[in-house]
$ cat target.pdb   # PDB, C-alpha atoms
MODEL        1
ATOM      1  CA  MET F 287      -2.812 -14.982  19.021
ATOM      2  CA  GLU F 288      -4.893 -16.161  16.105
ATOM      3  CA  TRP F 289      -4.920 -13.654  13.250
ATOM      4  CA  SER F 290      -8.217 -15.048  12.019
ATOM      5  CA  ASP F 291      -9.747 -14.125  15.383
ATOM      6  CA  GLN F 292      -8.300 -10.621  15.144
ATOM      7  CA  LEU F 293      -9.691 -10.210  11.647
ATOM      8  CA  SER F 294     -13.179 -11.218  12.720
ATOM      9  CA  ASP F 295     -13.057  -8.704  15.590
ATOM     10  CA  VAL F 296     -12.364  -5.690  13.356
ATOM     11  CA  ASN F 297     -14.826  -2.860  13.893
ATOM     12  CA  VAL F 298     -15.689  -1.826  10.343
ATOM     13  CA  TRP F 299     -16.975   1.621  11.356
ATOM     14  CA  ALA F 300     -13.800   2.400  13.309
ATOM     15  CA  VAL F 301     -11.648   1.319  10.390
ATOM     16  CA  LEU F 302     -13.679   3.338   7.885
ATOM     17  CA  LEU F 303     -13.490   6.444  10.071
ATOM     18  CA  ALA F 304      -9.730   5.987  10.532
ATOM     19  CA  THR F 305      -9.386   5.542   6.769
ATOM     20  CA  ALA F 306     -11.365   8.721   6.119
ATOM     21  CA  SER F 307      -9.062  10.593   8.487
ATOM     22  CA  THR F 308      -6.185  10.049   6.047
ATOM     23  CA  PHE F 309      -8.053  12.029   3.410
ATOM     24  CA  ALA F 310      -8.949  14.763   5.884
ATOM     25  CA  LEU F 311      -5.409  15.206   7.200
ATOM     26  CA  GLY F 312      -3.861  14.940   3.737
ATOM     27  CA  SER F 313      -6.163  17.618   2.340
ATOM     28  CA  VAL F 314      -4.965  20.023   5.022
ATOM     29  CA  TRP F 315      -1.294  18.963   5.319
ATOM     30  CA  TYR F 316      -0.672  18.938   1.581
ATOM     31  CA  ALA F 317      -2.828  21.993   0.833
ATOM     32  CA  TRP F 318      -0.962  24.396  -1.435
ATOM     33  CA  GLY F 319      -0.760  27.020   1.316
ATOM     34  CA  VAL F 320       0.478  24.616   3.999
ATOM     35  CA  PHE F 321       3.116  22.134   2.743
ATOM     36  CA  GLY F 322       1.724  21.363  -0.722
ATOM     37  CA  LYS F 323       3.649  23.938  -2.721
ATOM     38  CA  THR F 324       6.942  23.074  -1.040
ATOM     39  CA  TRP F 325       6.279  19.328  -1.272
ATOM     40  CA  ALA F 326       5.389  19.600  -4.972
ATOM     41  CA  GLY F 327       8.491  21.635  -5.713
ATOM     42  CA  LEU F 328      10.721  19.148  -3.909
ATOM     43  CA  ASN F 329       9.181  16.403  -6.061
ATOM     44  CA  GLY F 330       9.525  18.368  -9.304
ATOM     45  CA  LEU F 331       5.770  18.833  -9.661
ATOM     46  CA  LYS F 332       3.636  21.851 -10.511
ATOM     47  CA  LYS F 333       0.090  22.749  -9.481
ATOM     48  CA  ALA F 334      -1.138  21.812 -12.976
ATOM     49  CA  ASP F 335       0.009  18.222 -12.362
ATOM     50  CA  PHE F 336      -2.763  17.883  -9.794
ATOM     51  CA  ASP F 337      -5.492  19.232 -12.041
ATOM     52  CA  LYS F 338      -5.669  16.086 -14.194
ATOM     53  CA  PRO F 339      -8.651  14.085 -12.884
ATOM     54  CA  ASP F 340      -7.571  10.777 -14.441
ATOM     55  CA  ASN F 341      -4.206  10.844 -12.681
ATOM     56  CA  MET F 342      -5.682  11.935  -9.367
ATOM     57  CA  ALA F 343      -8.373   9.247  -9.440
ATOM     58  CA  LYS F 344      -5.733   6.497  -9.505
ATOM     59  CA  THR F 345      -3.831   8.237  -6.738
ATOM     60  CA  PHE F 346      -6.869   8.543  -4.478
ATOM     61  CA  ILE F 347      -7.944   4.939  -5.097
ATOM     62  CA  GLY F 348      -4.471   3.720  -4.183
ATOM     63  CA  MET F 349      -4.427   5.942  -1.131
ATOM     64  CA  GLY F 350      -7.831   4.697  -0.041
ATOM     65  CA  VAL F 351      -6.901   1.037  -0.384
ATOM     66  CA  GLY F 352      -3.588   1.573   1.403
ATOM     67  CA  SER F 353      -5.234   3.541   4.203
ATOM     68  CA  LEU F 354      -7.958   0.922   4.611
ATOM     69  CA  LEU F 355      -5.348  -1.804   4.881
ATOM     70  CA  ALA F 356      -3.263   0.223   7.353
ATOM     71  CA  ALA F 357      -6.298   1.017   9.530
ATOM     72  CA  SER F 358      -7.452  -2.609   9.504
ATOM     73  CA  ILE F 359      -4.062  -3.986  10.519
ATOM     74  CA  MET F 360      -3.576  -1.244  13.094
ATOM     75  CA  PHE F 361      -6.963  -2.144  14.605
ATOM     76  CA  MET F 362      -5.933  -5.805  14.798
ATOM     77  CA  LEU F 363      -2.586  -4.932  16.407
ATOM     78  CA  MET F 364      -4.196  -2.617  18.936
ATOM     79  CA  ASN F 365      -6.803  -5.236  19.750
ATOM     80  CA  ALA F 366      -4.167  -7.962  20.105
ATOM     81  CA  THR F 367      -2.061  -5.797  22.423
ATOM     82  CA  ASN F 368      -5.055  -4.562  24.441
ATOM     83  CA  THR F 369      -4.349  -0.977  23.428
ATOM     84  CA  GLU F 370      -7.547   0.893  24.243
ATOM     85  CA  GLY F 371      -8.640   4.486  24.585
ATOM     86  CA  LEU F 372      -7.669   7.807  23.125
ATOM     87  CA  VAL F 373      -4.323   8.366  24.859
ATOM     88  CA  ASP F 374      -3.007   4.827  24.404
ATOM     89  CA  GLY F 375      -4.160   4.925  20.776
ATOM     90  CA  VAL F 376      -2.253   8.149  20.162
ATOM     91  CA  ILE F 377       0.889   6.718  21.784
ATOM     92  CA  PHE F 378       0.558   3.478  19.805
ATOM     93  CA  GLY F 379       0.112   5.459  16.583
ATOM     94  CA  PHE F 380       3.107   7.646  17.388
ATOM     95  CA  LEU F 381       5.325   4.617  17.969
ATOM     96  CA  LEU F 382       4.170   2.852  14.797
ATOM     97  CA  GLY F 383       4.486   6.048  12.768
ATOM     98  CA  LEU F 384       7.961   6.770  14.063
ATOM     99  CA  ALA F 385       9.271   3.209  13.801
ATOM    100  CA  PHE F 386       7.757   2.134  10.509
ATOM    101  CA  ARG F 387       6.773   5.202   8.525
ATOM    102  CA  PHE F 388       9.191   8.004   9.402
ATOM    103  CA  THR F 389      12.251   5.756   9.375
ATOM    104  CA  THR F 390      11.215   4.354   5.997
ATOM    105  CA  HIS F 391      11.127   7.877   4.558
ATOM    106  CA  VAL F 392      14.565   8.533   6.045
ATOM    107  CA  MET F 393      16.015   5.380   4.473
ATOM    108  CA  HIS F 394      14.388   5.652   1.037
ATOM    109  CA  ASN F 395      14.869   9.385   0.669
ATOM    110  CA  GLY F 396      18.422   9.135   1.947
ATOM    111  CA  PHE F 397      19.422   6.571  -0.666
ATOM    112  CA  ALA F 398      17.513   8.453  -3.381
ATOM    113  CA  LYS F 399      19.330  11.658  -2.360
ATOM    114  CA  ARG F 400      16.034  13.462  -1.820
ATOM    115  CA  SER F 401      15.754  16.536   0.323
ATOM    116  CA  GLU F 402      15.703  16.242   4.116
ATOM    117  CA  GLU F 403      12.844  18.763   4.001
ATOM    118  CA  LEU F 404      10.807  16.326   1.902
ATOM    119  CA  THR F 405      11.571  13.584   4.409
ATOM    120  CA  ARG F 406      10.356  15.780   7.250
ATOM    121  CA  ILE F 407       7.175  16.843   5.440
ATOM    122  CA  ASP F 408       6.168  13.278   4.588
ATOM    123  CA  GLY F 409       7.551  11.700   7.750
ATOM    124  CA  PHE F 410       5.818  14.018  10.203
ATOM    125  CA  HIS F 411       2.613  13.735   8.184
ATOM    126  CA  ASP F 412       2.759   9.967   8.550
ATOM    127  CA  ILE F 413       3.449  10.107  12.287
ATOM    128  CA  LEU F 414       0.529  12.477  12.799
ATOM    129  CA  GLN F 415      -1.684  10.314  10.597
ATOM    130  CA  MET F 416      -0.881   7.199  12.606
ATOM    131  CA  MET F 417      -1.562   9.109  15.826
ATOM    132  CA  ILE F 418      -4.978  10.189  14.526
ATOM    133  CA  MET F 419      -5.751   6.647  13.379
ATOM    134  CA  GLY F 420      -4.656   5.319  16.771
ATOM    135  CA  ALA F 421      -6.872   7.834  18.564
ATOM    136  CA  ILE F 422      -9.902   6.913  16.484
ATOM    137  CA  LEU F 423      -9.352   3.178  16.733
ATOM    138  CA  GLY F 424      -8.570   3.393  20.446
ATOM    139  CA  LEU F 425     -11.932   5.005  21.084
ATOM    140  CA  PHE F 426     -13.653   1.979  19.534
ATOM    141  CA  LEU F 427     -11.630  -0.627  21.433
TER     142      LEU F 427
ENDMDL
END

$ encode --input "target.pdb" --output "structure tokens"
Amino acid sequence: MEWSDQLSDVNVWAVLLATASTFALGSVWYAWGVFGKTWAGLNGLKKADFDKPDNMAKTFIGMGVGSLLAASIMFMLMNATNTEGLVDGVIFGFLLGLAFRFTTHVMHNGFAKRSEELTRIDGFHDILQMMIMGAILGLFL
């Protein structure tokens, strides 16, 4: 497999849509009435901490760049492994999310002595996010 070939095959619209899905899911998942209040409390944050536009701008730019990179690489991996369609994309996303995202939260939060509840909130968010990305990308492959 030539990575340069995979890079040239990336469907920009699929990747942009998958990237946008991270903002959509995050806005629901981390909404104050869903998991946001609990998540903030577990991180020692208050609602006022999110009302500072300058801080949030940096956060959203970083999130956007990270999500764009994740969606691009996920597209290349799915293309290289001939993972196509909605169902296979969801399964692929689940496996990547579980293996690389959830387990990373478990390891980092475990060593940092953070709450298991925080690990679950972030870990299951990441699995679901990868499943959504996989579904979107799979539809374009």

$ closest_residue --input "target.pdb" --among "F:Leu355, F:Arg400, F:Phe361, F:Met419" --to "Gly327 of chain F" --atoms "all atoms listed in the file"
F:Arg400

$ resolve_selection --input "target.pdb" --expression "the PyMOL selection byres ((chain F and resi 296) around 9)" --output "ChimeraX atom specification"
/F:292-295,297-301,358-359,361-362,365

$ resolve_selection --input "target.pdb" --expression "the PyMOL selection byres ((chain F and resi 316-324) around 12)" --output "PyMOL selection string"
chain F and resi 308-315+325-336+401+403-408+410-412

$ atom_distance --input "target.pdb" --atom1 "atom CA of Val351 of chain F" --atom2 "atom CA of Leu425 of chain F"
22.4 Å

$ atom_distance --input "target.pdb" --atom1 "atom CA of Phe378 of chain F" --atom2 "atom CA of Thr390 of chain F"
17.5 Å

$ closest_residue --input "target.pdb" --among "F:Ala357, F:Met416, F:Met364, F:Ala398" --to "Gly383 of chain F" --atoms "all atoms listed in the file"
F:Met416

$ residues_near_point --input "target.pdb" --point "(-8.7, 8.7, -3.2)" --cutoff "12 Å" --atoms "only C-alpha atoms" --output "list of chain:residue names"
F:Thr305, F:Ala306, F:Ser307, F:Thr308, F:Phe309, F:Ala310, F:Gly312, F:Ser313, F:Pro339, F:Asp340, F:Asn341, F:Met342, F:Ala343, F:Lys344, F:Thr345, F:Phe346, F:Ile347, F:Gly348, F:Met349, F:Gly350, F:Val351, F:Gly352, F:Ser353, F:Leu354

$ closest_residue --input "target.pdb" --among "F:Ala304, F:Glu288, F:Ile418, F:Asp337" --to "Gly379 of chain F" --atoms "all atoms listed in the file"
F:Ile418

$ atom_distance --input "target.pdb" --atom1 "atom CA of Gly371 of chain F" --atom2 "atom CA of Leu427 of chain F"
6.7 Å

$ resolve_selection --input "target.pdb" --expression "the PyMOL selection byres ((chain F and resi 372) around 6)" --output "VMD selection string"
chain F and resid 371 373 to 375 421 424 to 425

$ write_last_selection --input "target.pdb" --atoms "C-alpha atoms" --output "PDB file, in the frame of the given file"
ATOM      1  CA  GLY F 371      -8.640   4.486  24.585  1.00  0.00           C
ATOM      2  CA  VAL F 373      -4.323   8.366  24.859  1.00  0.00           C
ATOM      3  CA  ASP F 374      -3.007   4.827  24.404  1.00  0.00           C
ATOM      4  CA  GLY F 375      -4.160   4.925  20.776  1.00  0.00           C
ATOM      5  CA  ALA F 421      -6.872   7.834  18.564  1.00  0.00           C
ATOM      6  CA  GLY F 424      -8.570   3.393  20.446  1.00  0.00           C
ATOM      7  CA  LEU F 425     -11.932   5.005  21.084  1.00  0.00           C
TER       8      LEU F 425
END

$ axis_aligned_box --input "target.pdb" --around "segment 369-387 of chain F" --padding-each-side "3 Å" --output "AutoDock Vina command-line options"
--center_x 0.3 --center_y 3.7 --center_z 16.7 --size_x 23.9 --size_y 15.3 --size_z 22.3

$ build_atoms --input "target.pdb" --residues "segment 291-316 of chain F" --atoms "N, CA, C and O atoms" --output "PDB file, in the coordinates of the input"
ATOM      1  N   ASP F 291      -8.891 -14.693  14.339  1.00  0.00           N
ATOM      2  CA  ASP F 291      -9.747 -14.125  15.383  1.00  0.00           C
ATOM      3  C   ASP F 291      -9.665 -12.602  15.372  1.00  0.00           C
ATOM      4  O   ASP F 291     -10.674 -11.912  15.543  1.00  0.00           O
ATOM      5  N   GLN F 292      -8.470 -12.075  15.187  1.00  0.00           N
ATOM      6  CA  GLN F 292      -8.300 -10.621  15.144  1.00  0.00           C
ATOM      7  C   GLN F 292      -9.062 -10.019  13.972  1.00  0.00           C
ATOM      8  O   GLN F 292      -9.693  -8.981  14.093  1.00  0.00           O
ATOM      9  N   LEU F 293      -9.005 -10.704  12.836  1.00  0.00           N
ATOM     10  CA  LEU F 293      -9.691 -10.210  11.647  1.00  0.00           C
ATOM     11  C   LEU F 293     -11.197 -10.175  11.851  1.00  0.00           C
ATOM     12  O   LEU F 293     -11.864  -9.220  11.452  1.00  0.00           O
ATOM     13  N   SER F 294     -11.727 -11.175  12.508  1.00  0.00           N
ATOM     14  CA  SER F 294     -13.179 -11.218  12.720  1.00  0.00           C
ATOM     15  C   SER F 294     -13.644 -10.196  13.751  1.00  0.00           C
ATOM     16  O   SER F 294     -14.817  -9.866  13.800  1.00  0.00           O
ATOM     17  N   ASP F 295     -12.708  -9.691  14.560  1.00  0.00           N
ATOM     18  CA  ASP F 295     -13.057  -8.704  15.590  1.00  0.00           C
ATOM     19  C   ASP F 295     -12.964  -7.254  15.101  1.00  0.00           C
ATOM     20  O   ASP F 295     -13.244  -6.338  15.849  1.00  0.00           O
ATOM     21  N   VAL F 296     -12.548  -7.055  13.870  1.00  0.00           N
ATOM     22  CA  VAL F 296     -12.364  -5.690  13.356  1.00  0.00           C
ATOM     23  C   VAL F 296     -13.689  -4.940  13.348  1.00  0.00           C
ATOM     24  O   VAL F 296     -14.701  -5.442  12.870  1.00  0.00           O
ATOM     25  N   ASN F 297     -13.661  -3.736  13.899  1.00  0.00           N
ATOM     26  CA  ASN F 297     -14.826  -2.860  13.893  1.00  0.00           C
ATOM     27  C   ASN F 297     -14.797  -2.068  12.583  1.00  0.00           C
ATOM     28  O   ASN F 297     -13.961  -1.175  12.405  1.00  0.00           O
ATOM     29  N   VAL F 298     -15.686  -2.424  11.681  1.00  0.00           N
ATOM     30  CA  VAL F 298     -15.689  -1.826  10.343  1.00  0.00           C
ATOM     31  C   VAL F 298     -15.862  -0.312  10.398  1.00  0.00           C
ATOM     32  O   VAL F 298     -15.192   0.424   9.667  1.00  0.00           O
ATOM     33  N   TRP F 299     -16.726   0.177  11.273  1.00  0.00           N
ATOM     34  CA  TRP F 299     -16.975   1.621  11.356  1.00  0.00           C
ATOM     35  C   TRP F 299     -15.743   2.360  11.839  1.00  0.00           C
ATOM     36  O   TRP F 299     -15.420   3.442  11.330  1.00  0.00           O
ATOM     37  N   ALA F 300     -15.033   1.780  12.813  1.00  0.00           N
ATOM     38  CA  ALA F 300     -13.800   2.400  13.309  1.00  0.00           C
ATOM     39  C   ALA F 300     -12.756   2.476  12.203  1.00  0.00           C
ATOM     40  O   ALA F 300     -12.100   3.499  12.015  1.00  0.00           O
ATOM     41  N   VAL F 301     -12.626   1.379  11.471  1.00  0.00           N
ATOM     42  CA  VAL F 301     -11.648   1.319  10.390  1.00  0.00           C
ATOM     43  C   VAL F 301     -12.001   2.300   9.275  1.00  0.00           C
ATOM     44  O   VAL F 301     -11.126   2.997   8.747  1.00  0.00           O
ATOM     45  N   LEU F 302     -13.268   2.393   8.930  1.00  0.00           N
ATOM     46  CA  LEU F 302     -13.679   3.338   7.885  1.00  0.00           C
ATOM     47  C   LEU F 302     -13.450   4.789   8.312  1.00  0.00           C
ATOM     48  O   LEU F 302     -13.001   5.616   7.517  1.00  0.00           O
ATOM     49  N   LEU F 303     -13.724   5.088   9.562  1.00  0.00           N
ATOM     50  CA  LEU F 303     -13.490   6.444  10.071  1.00  0.00           C
ATOM     51  C   LEU F 303     -11.990   6.758  10.091  1.00  0.00           C
ATOM     52  O   LEU F 303     -11.572   7.856   9.693  1.00  0.00           O
ATOM     53  N   ALA F 304     -11.185   5.800  10.523  1.00  0.00           N
ATOM     54  CA  ALA F 304      -9.730   5.987  10.532  1.00  0.00           C
ATOM     55  C   ALA F 304      -9.211   6.168   9.105  1.00  0.00           C
ATOM     56  O   ALA F 304      -8.318   6.984   8.858  1.00  0.00           O
ATOM     57  N   THR F 305      -9.775   5.407   8.178  1.00  0.00           N
ATOM     58  CA  THR F 305      -9.386   5.542   6.769  1.00  0.00           C
ATOM     59  C   THR F 305      -9.744   6.925   6.250  1.00  0.00           C
ATOM     60  O   THR F 305      -8.934   7.584   5.583  1.00  0.00           O
ATOM     61  N   ALA F 306     -10.930   7.391   6.559  1.00  0.00           N
ATOM     62  CA  ALA F 306     -11.365   8.721   6.119  1.00  0.00           C
ATOM     63  C   ALA F 306     -10.467   9.817   6.683  1.00  0.00           C
ATOM     64  O   ALA F 306     -10.239  10.849   6.032  1.00  0.00           O
ATOM     65  N   SER F 307      -9.923   9.581   7.868  1.00  0.00           N
ATOM     66  CA  SER F 307      -9.062  10.593   8.487  1.00  0.00           C
ATOM     67  C   SER F 307      -7.809  10.840   7.661  1.00  0.00           C
ATOM     68  O   SER F 307      -7.245  11.940   7.702  1.00  0.00           O
ATOM     69  N   THR F 308      -7.371   9.840   6.877  1.00  0.00           N
ATOM     70  CA  THR F 308      -6.185  10.049   6.047  1.00  0.00           C
ATOM     71  C   THR F 308      -6.461  11.083   4.961  1.00  0.00           C
ATOM     72  O   THR F 308      -5.595  11.877   4.632  1.00  0.00           O
ATOM     73  N   PHE F 309      -7.676  11.047   4.427  1.00  0.00           N
ATOM     74  CA  PHE F 309      -8.053  12.029   3.410  1.00  0.00           C
ATOM     75  C   PHE F 309      -8.187  13.420   4.028  1.00  0.00           C
ATOM     76  O   PHE F 309      -7.769  14.411   3.428  1.00  0.00           O
ATOM     77  N   ALA F 310      -8.757  13.479   5.222  1.00  0.00           N
ATOM     78  CA  ALA F 310      -8.949  14.763   5.884  1.00  0.00           C
ATOM     79  C   ALA F 310      -7.599  15.411   6.224  1.00  0.00           C
ATOM     80  O   ALA F 310      -7.371  16.586   5.902  1.00  0.00           O
ATOM     81  N   LEU F 311      -6.717  14.644   6.849  1.00  0.00           N
ATOM     82  CA  LEU F 311      -5.409  15.206   7.200  1.00  0.00           C
ATOM     83  C   LEU F 311      -4.624  15.566   5.945  1.00  0.00           C
ATOM     84  O   LEU F 311      -4.037  16.643   5.868  1.00  0.00           O
ATOM     85  N   GLY F 312      -4.613  14.684   4.968  1.00  0.00           N
ATOM     86  CA  GLY F 312      -3.861  14.940   3.737  1.00  0.00           C
ATOM     87  C   GLY F 312      -4.325  16.191   3.023  1.00  0.00           C
ATOM     88  O   GLY F 312      -3.513  16.947   2.468  1.00  0.00           O
ATOM     89  N   SER F 313      -5.636  16.436   3.032  1.00  0.00           N
ATOM     90  CA  SER F 313      -6.163  17.618   2.340  1.00  0.00           C
ATOM     91  C   SER F 313      -5.722  18.907   3.022  1.00  0.00           C
ATOM     92  O   SER F 313      -5.602  19.946   2.363  1.00  0.00           O
ATOM     93  N   VAL F 314      -5.460  18.848   4.309  1.00  0.00           N
ATOM     94  CA  VAL F 314      -4.965  20.023   5.022  1.00  0.00           C
ATOM     95  C   VAL F 314      -3.437  20.097   4.926  1.00  0.00           C
ATOM     96  O   VAL F 314      -2.876  21.115   4.536  1.00  0.00           O
ATOM     97  N   TRP F 315      -2.755  19.004   5.266  1.00  0.00           N
ATOM     98  CA  TRP F 315      -1.294  18.963   5.319  1.00  0.00           C
ATOM     99  C   TRP F 315      -0.666  19.337   3.973  1.00  0.00           C
ATOM    100  O   TRP F 315       0.285  20.091   3.910  1.00  0.00           O
ATOM    101  N   TYR F 316      -1.236  18.722   2.916  1.00  0.00           N
ATOM    102  CA  TYR F 316      -0.672  18.938   1.581  1.00  0.00           C
ATOM    103  C   TYR F 316      -1.407  20.026   0.796  1.00  0.00           C
ATOM    104  O   TYR F 316      -1.228  20.140  -0.418  1.00  0.00           O
TER     105      TYR F 316
END
